[in-house]
file coords_33.txt (compact mmCIF, N, CA and C atoms)
# COMPACT_ATOMS: atom_id res chain seq x y z
N MET A 28 -17.74 15.89 6.11
CA MET A 28 -17.41 14.95 5.07
C MET A 28 -15.97 15.20 4.63
N ALA A 29 -15.20 14.12 4.46
CA ALA A 29 -13.81 14.22 4.05
C ALA A 29 -13.70 14.54 2.56
N ALA A 30 -12.68 15.33 2.22
CA ALA A 30 -12.45 15.66 0.81
C ALA A 30 -11.93 14.43 0.08
N ARG A 31 -12.42 14.23 -1.13
CA ARG A 31 -12.00 13.11 -1.93
C ARG A 31 -10.66 13.43 -2.60
N LYS A 32 -9.70 12.52 -2.47
CA LYS A 32 -8.40 12.71 -3.08
C LYS A 32 -8.51 12.46 -4.58
N LYS A 33 -8.05 13.40 -5.37
CA LYS A 33 -8.09 13.26 -6.82
C LYS A 33 -6.84 12.55 -7.31
N ASN A 34 -7.01 11.70 -8.28
CA ASN A 34 -5.88 11.02 -8.90
C ASN A 34 -5.17 11.98 -9.85
N PRO A 35 -3.86 11.80 -10.03
CA PRO A 35 -3.15 12.68 -10.97
C PRO A 35 -3.65 12.46 -12.40
N ILE A 36 -3.60 13.51 -13.20
CA ILE A 36 -3.95 13.42 -14.61
C ILE A 36 -2.84 12.63 -15.31
N ARG A 37 -3.25 11.65 -16.10
CA ARG A 37 -2.30 10.75 -16.78
C ARG A 37 -1.90 11.36 -18.13
N ILE A 38 -0.60 11.61 -18.28
CA ILE A 38 -0.07 12.32 -19.44
C ILE A 38 0.70 11.39 -20.37
N GLY A 39 0.54 11.63 -21.68
CA GLY A 39 1.36 11.01 -22.71
C GLY A 39 2.19 12.10 -23.37
N ILE A 40 3.48 11.91 -23.45
CA ILE A 40 4.38 12.90 -24.06
C ILE A 40 4.70 12.48 -25.49
N VAL A 41 4.53 13.40 -26.42
CA VAL A 41 4.86 13.17 -27.83
C VAL A 41 6.18 13.89 -28.11
N GLY A 42 7.20 13.11 -28.43
CA GLY A 42 8.53 13.66 -28.68
C GLY A 42 9.39 13.55 -27.43
N CYS A 43 10.44 12.76 -27.51
CA CYS A 43 11.28 12.50 -26.33
C CYS A 43 12.70 13.01 -26.53
N GLY A 44 12.83 14.10 -27.25
CA GLY A 44 14.13 14.72 -27.45
C GLY A 44 14.42 15.71 -26.34
N ARG A 45 15.01 16.84 -26.69
CA ARG A 45 15.43 17.84 -25.70
C ARG A 45 14.28 18.26 -24.80
N ALA A 46 13.19 18.72 -25.36
CA ALA A 46 12.07 19.20 -24.54
C ALA A 46 11.33 18.05 -23.86
N GLY A 47 11.08 16.99 -24.63
CA GLY A 47 10.30 15.87 -24.10
C GLY A 47 11.01 15.05 -23.05
N TRP A 48 12.32 15.19 -22.98
CA TRP A 48 13.07 14.46 -21.96
C TRP A 48 13.60 15.37 -20.86
N SER A 49 14.29 16.44 -21.26
CA SER A 49 15.01 17.23 -20.25
C SER A 49 14.26 18.47 -19.76
N MET A 50 13.13 18.79 -20.36
CA MET A 50 12.38 19.97 -19.92
C MET A 50 11.02 19.60 -19.30
N HIS A 51 10.19 18.92 -20.05
CA HIS A 51 8.82 18.66 -19.59
C HIS A 51 8.75 17.72 -18.38
N PRO A 52 9.38 16.54 -18.41
CA PRO A 52 9.29 15.66 -17.23
C PRO A 52 9.80 16.29 -15.93
N PRO A 53 10.96 16.98 -15.94
CA PRO A 53 11.40 17.60 -14.68
C PRO A 53 10.41 18.65 -14.17
N GLU A 54 9.80 19.40 -15.08
CA GLU A 54 8.82 20.39 -14.66
C GLU A 54 7.57 19.71 -14.08
N LEU A 55 7.11 18.67 -14.74
CA LEU A 55 5.93 17.95 -14.25
C LEU A 55 6.20 17.28 -12.90
N GLU A 56 7.44 16.93 -12.65
CA GLU A 56 7.81 16.30 -11.37
C GLU A 56 7.49 17.21 -10.19
N HIS A 57 7.53 18.51 -10.39
CA HIS A 57 7.18 19.46 -9.33
C HIS A 57 5.71 19.35 -8.93
N TYR A 58 4.91 18.77 -9.82
CA TYR A 58 3.46 18.67 -9.61
C TYR A 58 3.00 17.21 -9.64
N ARG A 59 3.79 16.33 -9.06
CA ARG A 59 3.51 14.90 -9.16
C ARG A 59 2.19 14.47 -8.54
N THR A 60 1.62 15.27 -7.66
CA THR A 60 0.30 14.91 -7.13
C THR A 60 -0.80 15.26 -8.14
N ARG A 61 -0.46 16.08 -9.14
CA ARG A 61 -1.44 16.48 -10.15
C ARG A 61 -1.27 15.79 -11.50
N PHE A 62 -0.03 15.39 -11.83
CA PHE A 62 0.27 14.82 -13.13
C PHE A 62 1.14 13.58 -13.00
N LYS A 63 0.92 12.61 -13.90
CA LYS A 63 1.75 11.41 -13.95
C LYS A 63 1.98 11.06 -15.42
N ILE A 64 3.24 10.90 -15.81
CA ILE A 64 3.56 10.50 -17.18
C ILE A 64 3.36 8.99 -17.29
N VAL A 65 2.43 8.59 -18.14
CA VAL A 65 2.11 7.17 -18.30
C VAL A 65 2.48 6.62 -19.66
N ALA A 66 2.80 7.52 -20.62
CA ALA A 66 3.13 7.07 -21.97
C ALA A 66 4.04 8.10 -22.64
N ALA A 67 4.78 7.63 -23.62
CA ALA A 67 5.65 8.50 -24.40
C ALA A 67 5.71 7.97 -25.82
N CYS A 68 5.95 8.87 -26.75
CA CYS A 68 5.99 8.52 -28.17
C CYS A 68 7.18 9.18 -28.82
N ASP A 69 7.94 8.40 -29.57
CA ASP A 69 9.06 8.94 -30.34
C ASP A 69 9.41 7.94 -31.43
N ARG A 70 9.89 8.44 -32.56
CA ARG A 70 10.29 7.55 -33.66
C ARG A 70 11.56 6.77 -33.32
N MET A 71 12.41 7.35 -32.48
CA MET A 71 13.70 6.73 -32.18
C MET A 71 13.57 5.72 -31.03
N LYS A 72 13.98 4.50 -31.32
CA LYS A 72 13.88 3.41 -30.34
C LYS A 72 14.66 3.73 -29.06
N ALA A 73 15.85 4.29 -29.18
CA ALA A 73 16.68 4.59 -28.00
C ALA A 73 15.96 5.57 -27.07
N ARG A 74 15.27 6.54 -27.63
CA ARG A 74 14.54 7.50 -26.81
C ARG A 74 13.35 6.84 -26.12
N ARG A 75 12.67 5.96 -26.85
CA ARG A 75 11.54 5.24 -26.22
C ARG A 75 12.04 4.38 -25.06
N GLU A 76 13.15 3.70 -25.27
CA GLU A 76 13.72 2.86 -24.21
C GLU A 76 14.14 3.69 -23.01
N MET A 77 14.70 4.86 -23.25
CA MET A 77 15.12 5.74 -22.16
C MET A 77 13.90 6.17 -21.32
N MET A 78 12.82 6.54 -21.98
CA MET A 78 11.61 6.96 -21.27
C MET A 78 11.04 5.80 -20.45
N ALA A 79 10.99 4.62 -21.04
CA ALA A 79 10.46 3.45 -20.34
C ALA A 79 11.33 3.12 -19.13
N ASP A 80 12.64 3.15 -19.31
CA ASP A 80 13.56 2.82 -18.21
C ASP A 80 13.51 3.85 -17.08
N LYS A 81 13.55 5.12 -17.43
CA LYS A 81 13.64 6.18 -16.41
C LYS A 81 12.30 6.54 -15.80
N LEU A 82 11.22 6.48 -16.59
CA LEU A 82 9.92 6.92 -16.08
C LEU A 82 8.94 5.78 -15.84
N GLY A 83 9.28 4.59 -16.32
CA GLY A 83 8.39 3.45 -16.13
C GLY A 83 7.09 3.56 -16.91
N CYS A 84 7.13 4.25 -18.03
CA CYS A 84 5.91 4.43 -18.82
C CYS A 84 5.93 3.52 -20.05
N VAL A 85 4.76 3.32 -20.61
CA VAL A 85 4.64 2.58 -21.86
C VAL A 85 5.07 3.51 -22.98
N THR A 86 5.62 2.96 -24.07
CA THR A 86 6.08 3.82 -25.17
C THR A 86 5.50 3.36 -26.50
N TYR A 87 5.45 4.30 -27.41
CA TYR A 87 4.93 4.06 -28.75
C TYR A 87 5.82 4.71 -29.79
N LYS A 88 5.87 4.09 -30.96
CA LYS A 88 6.60 4.67 -32.09
C LYS A 88 5.71 5.65 -32.84
N ARG A 89 4.41 5.39 -32.86
CA ARG A 89 3.47 6.21 -33.63
C ARG A 89 2.54 7.00 -32.71
N ILE A 90 2.33 8.26 -33.04
CA ILE A 90 1.45 9.12 -32.24
C ILE A 90 0.03 8.56 -32.20
N GLU A 91 -0.40 7.95 -33.30
CA GLU A 91 -1.75 7.38 -33.35
C GLU A 91 -1.96 6.33 -32.27
N ASP A 92 -0.92 5.56 -31.99
CA ASP A 92 -1.03 4.52 -30.96
C ASP A 92 -1.10 5.14 -29.57
N LEU A 93 -0.33 6.20 -29.33
CA LEU A 93 -0.41 6.89 -28.04
C LEU A 93 -1.81 7.49 -27.86
N LEU A 94 -2.35 8.10 -28.90
CA LEU A 94 -3.67 8.71 -28.82
C LEU A 94 -4.77 7.68 -28.58
N ALA A 95 -4.55 6.45 -29.02
CA ALA A 95 -5.54 5.39 -28.83
C ALA A 95 -5.46 4.74 -27.45
N ASP A 96 -4.43 5.05 -26.68
CA ASP A 96 -4.26 4.47 -25.35
C ASP A 96 -5.30 5.05 -24.40
N PRO A 97 -6.21 4.24 -23.89
CA PRO A 97 -7.25 4.77 -23.00
C PRO A 97 -6.72 5.24 -21.65
N ASN A 98 -5.49 4.90 -21.33
CA ASN A 98 -4.89 5.34 -20.07
C ASN A 98 -4.38 6.79 -20.14
N VAL A 99 -4.22 7.31 -21.36
CA VAL A 99 -3.72 8.69 -21.55
C VAL A 99 -4.91 9.65 -21.52
N GLU A 100 -4.86 10.60 -20.58
CA GLU A 100 -5.92 11.60 -20.45
C GLU A 100 -5.55 12.94 -21.07
N LEU A 101 -4.26 13.23 -21.13
CA LEU A 101 -3.78 14.53 -21.62
C LEU A 101 -2.51 14.29 -22.42
N VAL A 102 -2.40 14.94 -23.58
CA VAL A 102 -1.22 14.79 -24.42
C VAL A 102 -0.37 16.04 -24.32
N ASP A 103 0.92 15.85 -24.04
CA ASP A 103 1.91 16.91 -23.95
C ASP A 103 2.75 16.84 -25.23
N ILE A 104 2.59 17.82 -26.11
CA ILE A 104 3.31 17.82 -27.37
C ILE A 104 4.67 18.48 -27.18
N ALA A 105 5.71 17.66 -27.24
CA ALA A 105 7.08 18.13 -27.03
C ALA A 105 7.95 17.80 -28.24
N SER A 106 7.30 17.59 -29.36
CA SER A 106 8.03 17.28 -30.59
C SER A 106 8.69 18.54 -31.15
N ARG A 107 9.40 18.40 -32.25
CA ARG A 107 10.05 19.55 -32.88
C ARG A 107 8.99 20.60 -33.23
N SER A 108 9.36 21.85 -33.14
CA SER A 108 8.42 22.94 -33.39
C SER A 108 7.64 22.80 -34.69
N PRO A 109 8.27 22.42 -35.82
CA PRO A 109 7.51 22.29 -37.06
C PRO A 109 6.43 21.18 -37.00
N ASP A 110 6.58 20.26 -36.05
CA ASP A 110 5.62 19.16 -35.93
C ASP A 110 4.47 19.46 -34.95
N HIS A 111 4.55 20.55 -34.24
CA HIS A 111 3.51 20.85 -33.24
C HIS A 111 2.11 20.90 -33.84
N THR A 112 1.94 21.63 -34.92
CA THR A 112 0.60 21.75 -35.53
C THR A 112 0.08 20.43 -36.04
N PRO A 113 0.85 19.67 -36.83
CA PRO A 113 0.32 18.37 -37.27
C PRO A 113 0.02 17.42 -36.11
N HIS A 114 0.84 17.45 -35.09
CA HIS A 114 0.59 16.57 -33.93
C HIS A 114 -0.64 17.00 -33.14
N ALA A 115 -0.86 18.30 -33.06
CA ALA A 115 -2.05 18.79 -32.35
C ALA A 115 -3.31 18.42 -33.12
call {"tool": "encode", "arguments": {"input": "coords_33.txt", "output": "structure tokens"}}
result
Amino acid sequence: MAARKKNPIRIGIVGCGRAGWSMHPPELEHYRTRFKIVAACDRMKARREMMADKLGCVTYKRIEDLLADPNVELVDIASRSPDHTPHA
């Protein structure tokens, strides 16, 4: 019997600043057969537009909207350190 190919886990990134843009996505790219960024969330419109343009993902201004997206299976919290606990 042939092994079933697993689909990558669909990730939503919260916070598209230094970590959410220049650290997490490049690292996840090394594991593209396991993970796919499908959504991103940031208060700043320019950052949301950058994520949509470069990664082809849907974007949200509010974390609540990202969490309600049924396409997101795993949330990657890349917001500012003081926001990690409230976002989690």
call {"tool": "closest_residue", "arguments": {"input": "coords_33.txt", "among": "A:Ala115, A:Val41, A:Ala66, A:Ile36", "to": "Lys81 (chain A)", "atoms": "only C-alpha atoms"}}
result
A:Ala66
call {"tool": "atom_distance", "arguments": {"input": "coords_33.txt", "atom1": "atom C of Asp80 (chain A)", "atom2": "atom C of Arg107 (chain A)"}}
result
23.7 Å
call {"tool": "residues_around", "arguments": {"input": "coords_33.txt", "residues": "Val65 (chain A)", "least_positions_apart": "3", "cutoff": "6 Å", "atoms": "all atoms listed in the file", "output": "list in words"}}
result
Arg37, Ile38, Gly39, Cys84 and Val85 of chain A
call {"tool": "select_by_dssp", "arguments": {"input": "coords_33.txt", "residues": "chain A", "states": "alpha helix (DSSP H)", "output": "PyMOL selection string"}}
result
chain A and resi 51-56+72-82+90-95+111-114
call {"tool": "residues_near_point", "arguments": {"input": "coords_33.txt", "point": "(-1.3, 9.7, -30.6)", "cutoff": "10 Å", "atoms": "only C-alpha atoms", "output": "JSON, numbers by chain"}}
result
{"A": [39, 40, 41, 67, 68, 87, 88, 89, 90, 91, 92, 93, 94, 95, 96, 99, 102, 104, 114, 115]}
call {"tool": "closest_residue", "arguments": {"input": "coords_33.txt", "among": "A:Met71, A:Leu82, A:Ala105, A:Ile64", "to": "Gly47 (chain A)", "atoms": "all atoms listed in the file"}}
result
A:Ala105
call {"tool": "closest_residue", "arguments": {"input": "coords_33.txt", "among": "A:Met77, A:Ser49, A:Pro35, A:Gly83", "to": "Arg61 (chain A)", "atoms": "only N, CA and C atoms"}}
result
A:Pro35
call {"tool": "residues_near_point", "arguments": {"input": "coords_33.txt", "point": "(16.6, 9.9, -25.9)", "cutoff": "8 Å", "atoms": "all atoms listed in the file", "output": "PyMOL selection string"}}
result
chain A and resi 43-45+48+71-78
call {"tool": "atom_distance", "arguments": {"input": "coords_33.txt", "atom1": "atom N of Pro53 (chain A)", "atom2": "atom N of Asn34 (chain A)"}}
result
20.2 Å
call {"tool": "closest_residue", "arguments": {"input": "coords_33.txt", "among": "A:Lys33, A:His51, A:Arg70, A:Lys63", "to": "Asp103 (chain A)", "atoms": "only C-alpha atoms"}}
result
A:His51
call {"tool": "select_by_dssp", "arguments": {"input": "coords_33.txt", "residues": "chain A", "states": "strand (DSSP E)", "output": "ChimeraX atom specification"}}
result
/A:36-41,62-68,85-87,101-104
call {"tool": "closest_residue", "arguments": {"input": "coords_33.txt", "among": "A:Thr112, A:Tyr58, A:Asn98, A:Ser106", "to": "Gly42 (chain A)", "atoms": "all atoms listed in the file"}}
result
A:Ser106
call {"tool": "atom_distance", "arguments": {"input": "coords_33.txt", "atom1": "CA of Phe62 (chain A)", "atom2": "CA of Pro97 (chain A)"}}
result
16.0 Å
call {"tool": "decode", "arguments": {"input": "coords_33.txt", "residues": "region 37-48 of chain A", "atoms": "all heavy atoms", "output": "PDB file, in the first residue's frame"}}
result
ATOM      1  N   ARG A  37      -1.471  24.404   7.874  1.00  0.00           N
ATOM      2  CA  ARG A  37      -1.764  25.779   7.448  1.00  0.00           C
ATOM      3  C   ARG A  37      -1.598  26.730   8.644  1.00  0.00           C
ATOM      4  O   ARG A  37      -2.289  26.605   9.648  1.00  0.00           O
ATOM      5  CB  ARG A  37      -3.165  25.848   6.865  1.00  0.00           C
ATOM      6  CG  ARG A  37      -3.302  24.952   5.629  1.00  0.00           C
ATOM      7  CD  ARG A  37      -4.676  25.011   5.008  1.00  0.00           C
ATOM      8  NE  ARG A  37      -5.774  24.782   5.925  1.00  0.00           N
ATOM      9  CZ  ARG A  37      -6.338  23.602   6.160  1.00  0.00           C
ATOM     10  NH1 ARG A  37      -5.909  22.514   5.542  1.00  0.00           N
ATOM     11  NH2 ARG A  37      -7.356  23.495   7.012  1.00  0.00           N
ATOM     12  N   ILE A  38      -0.682  27.683   8.494  1.00  0.00           N
ATOM     13  CA  ILE A  38      -0.293  28.577   9.584  1.00  0.00           C
ATOM     14  C   ILE A  38      -0.814  29.994   9.371  1.00  0.00           C
ATOM     15  O   ILE A  38      -0.792  30.519   8.259  1.00  0.00           O
ATOM     16  CB  ILE A  38       1.245  28.625   9.704  1.00  0.00           C
ATOM     17  CG1 ILE A  38       1.775  27.258  10.118  1.00  0.00           C
ATOM     18  CG2 ILE A  38       1.706  29.710  10.676  1.00  0.00           C
ATOM     19  CD1 ILE A  38       3.272  27.204  10.278  1.00  0.00           C
ATOM     20  N   GLY A  39      -1.223  30.618  10.480  1.00  0.00           N
ATOM     21  CA  GLY A  39      -1.543  32.037  10.526  1.00  0.00           C
ATOM     22  C   GLY A  39      -0.517  32.717  11.421  1.00  0.00           C
ATOM     23  O   GLY A  39      -0.284  32.264  12.546  1.00  0.00           O
ATOM     24  N   ILE A  40       0.113  33.755  10.932  1.00  0.00           N
ATOM     25  CA  ILE A  40       1.131  34.486  11.708  1.00  0.00           C
ATOM     26  C   ILE A  40       0.503  35.735  12.315  1.00  0.00           C
ATOM     27  O   ILE A  40      -0.124  36.520  11.613  1.00  0.00           O
ATOM     28  CB  ILE A  40       2.330  34.886  10.833  1.00  0.00           C
ATOM     29  CG1 ILE A  40       3.063  33.638  10.348  1.00  0.00           C
ATOM     30  CG2 ILE A  40       3.283  35.803  11.598  1.00  0.00           C
ATOM     31  CD1 ILE A  40       4.288  33.916   9.507  1.00  0.00           C
ATOM     32  N   VAL A  41       0.689  35.913  13.615  1.00  0.00           N
ATOM     33  CA  VAL A  41       0.212  37.100  14.321  1.00  0.00           C
ATOM     34  C   VAL A  41       1.418  38.005  14.566  1.00  0.00           C
ATOM     35  O   VAL A  41       2.354  37.625  15.257  1.00  0.00           O
ATOM     36  CB  VAL A  41      -0.443  36.712  15.663  1.00  0.00           C
ATOM     37  CG1 VAL A  41      -0.834  37.970  16.433  1.00  0.00           C
ATOM     38  CG2 VAL A  41      -1.652  35.824  15.426  1.00  0.00           C
ATOM     39  N   GLY A  42       1.380  39.178  13.947  1.00  0.00           N
ATOM     40  CA  GLY A  42       2.492  40.125  14.048  1.00  0.00           C
ATOM     41  C   GLY A  42       3.405  39.996  12.844  1.00  0.00           C
ATOM     42  O   GLY A  42       4.013  38.962  12.635  1.00  0.00           O
ATOM     43  N   CYS A  43       3.473  41.049  12.047  1.00  0.00           N
ATOM     44  CA  CYS A  43       4.239  40.997  10.796  1.00  0.00           C
ATOM     45  C   CYS A  43       5.399  41.989  10.806  1.00  0.00           C
ATOM     46  O   CYS A  43       5.761  42.552   9.778  1.00  0.00           O
ATOM     47  CB  CYS A  43       3.312  41.268   9.617  1.00  0.00           C
ATOM     48  SG  CYS A  43       1.916  40.134   9.529  1.00  0.00           S
ATOM     49  N   GLY A  44       5.960  42.200  11.966  1.00  0.00           N
ATOM     50  CA  GLY A  44       7.124  43.078  12.089  1.00  0.00           C
ATOM     51  C   GLY A  44       8.406  42.294  11.875  1.00  0.00           C
ATOM     52  O   GLY A  44       8.473  41.388  11.039  1.00  0.00           O
ATOM     53  N   ARG A  45       9.423  42.595  12.664  1.00  0.00           N
ATOM     54  CA  ARG A  45      10.741  41.980  12.494  1.00  0.00           C
ATOM     55  C   ARG A  45      10.669  40.458  12.520  1.00  0.00           C
ATOM     56  O   ARG A  45      11.127  39.793  11.597  1.00  0.00           O
ATOM     57  CB  ARG A  45      11.699  42.494  13.569  1.00  0.00           C
ATOM     58  CG  ARG A  45      13.101  41.929  13.459  1.00  0.00           C
ATOM     59  CD  ARG A  45      14.006  42.465  14.559  1.00  0.00           C
ATOM     60  NE  ARG A  45      13.488  42.238  15.896  1.00  0.00           N
ATOM     61  CZ  ARG A  45      13.698  41.110  16.602  1.00  0.00           C
ATOM     62  NH1 ARG A  45      14.406  40.138  16.095  1.00  0.00           N
ATOM     63  NH2 ARG A  45      13.197  40.993  17.810  1.00  0.00           N
ATOM     64  N   ALA A  46      10.109  39.885  13.558  1.00  0.00           N
ATOM     65  CA  ALA A  46      10.058  38.423  13.665  1.00  0.00           C
ATOM     66  C   ALA A  46       9.052  37.815  12.685  1.00  0.00           C
ATOM     67  O   ALA A  46       9.338  36.828  12.022  1.00  0.00           O
ATOM     68  CB  ALA A  46       9.722  37.996  15.091  1.00  0.00           C
ATOM     69  N   GLY A  47       7.874  38.429  12.608  1.00  0.00           N
ATOM     70  CA  GLY A  47       6.816  37.880  11.765  1.00  0.00           C
ATOM     71  C   GLY A  47       7.069  37.987  10.278  1.00  0.00           C
ATOM     72  O   GLY A  47       6.442  37.292   9.486  1.00  0.00           O
ATOM     73  N   TRP A  48       8.003  38.845   9.904  1.00  0.00           N
ATOM     74  CA  TRP A  48       8.322  38.968   8.483  1.00  0.00           C
ATOM     75  C   TRP A  48       9.700  38.395   8.152  1.00  0.00           C
ATOM     76  O   TRP A  48       9.853  37.576   7.252  1.00  0.00           O
ATOM     77  CB  TRP A  48       8.259  40.425   8.015  1.00  0.00           C
ATOM     78  CG  TRP A  48       8.817  40.585   6.639  1.00  0.00           C
ATOM     79  CD1 TRP A  48       9.954  41.219   6.287  1.00  0.00           C
ATOM     80  CD2 TRP A  48       8.296  40.030   5.430  1.00  0.00           C
ATOM     81  NE1 TRP A  48      10.174  41.116   4.935  1.00  0.00           N
ATOM     82  CE2 TRP A  48       9.156  40.383   4.386  1.00  0.00           C
ATOM     83  CE3 TRP A  48       7.172  39.267   5.130  1.00  0.00           C
ATOM     84  CZ2 TRP A  48       8.938  40.010   3.064  1.00  0.00           C
ATOM     85  CZ3 TRP A  48       6.957  38.891   3.812  1.00  0.00           C
ATOM     86  CH2 TRP A  48       7.827  39.268   2.805  1.00  0.00           C
TER      87      TRP A  48
END
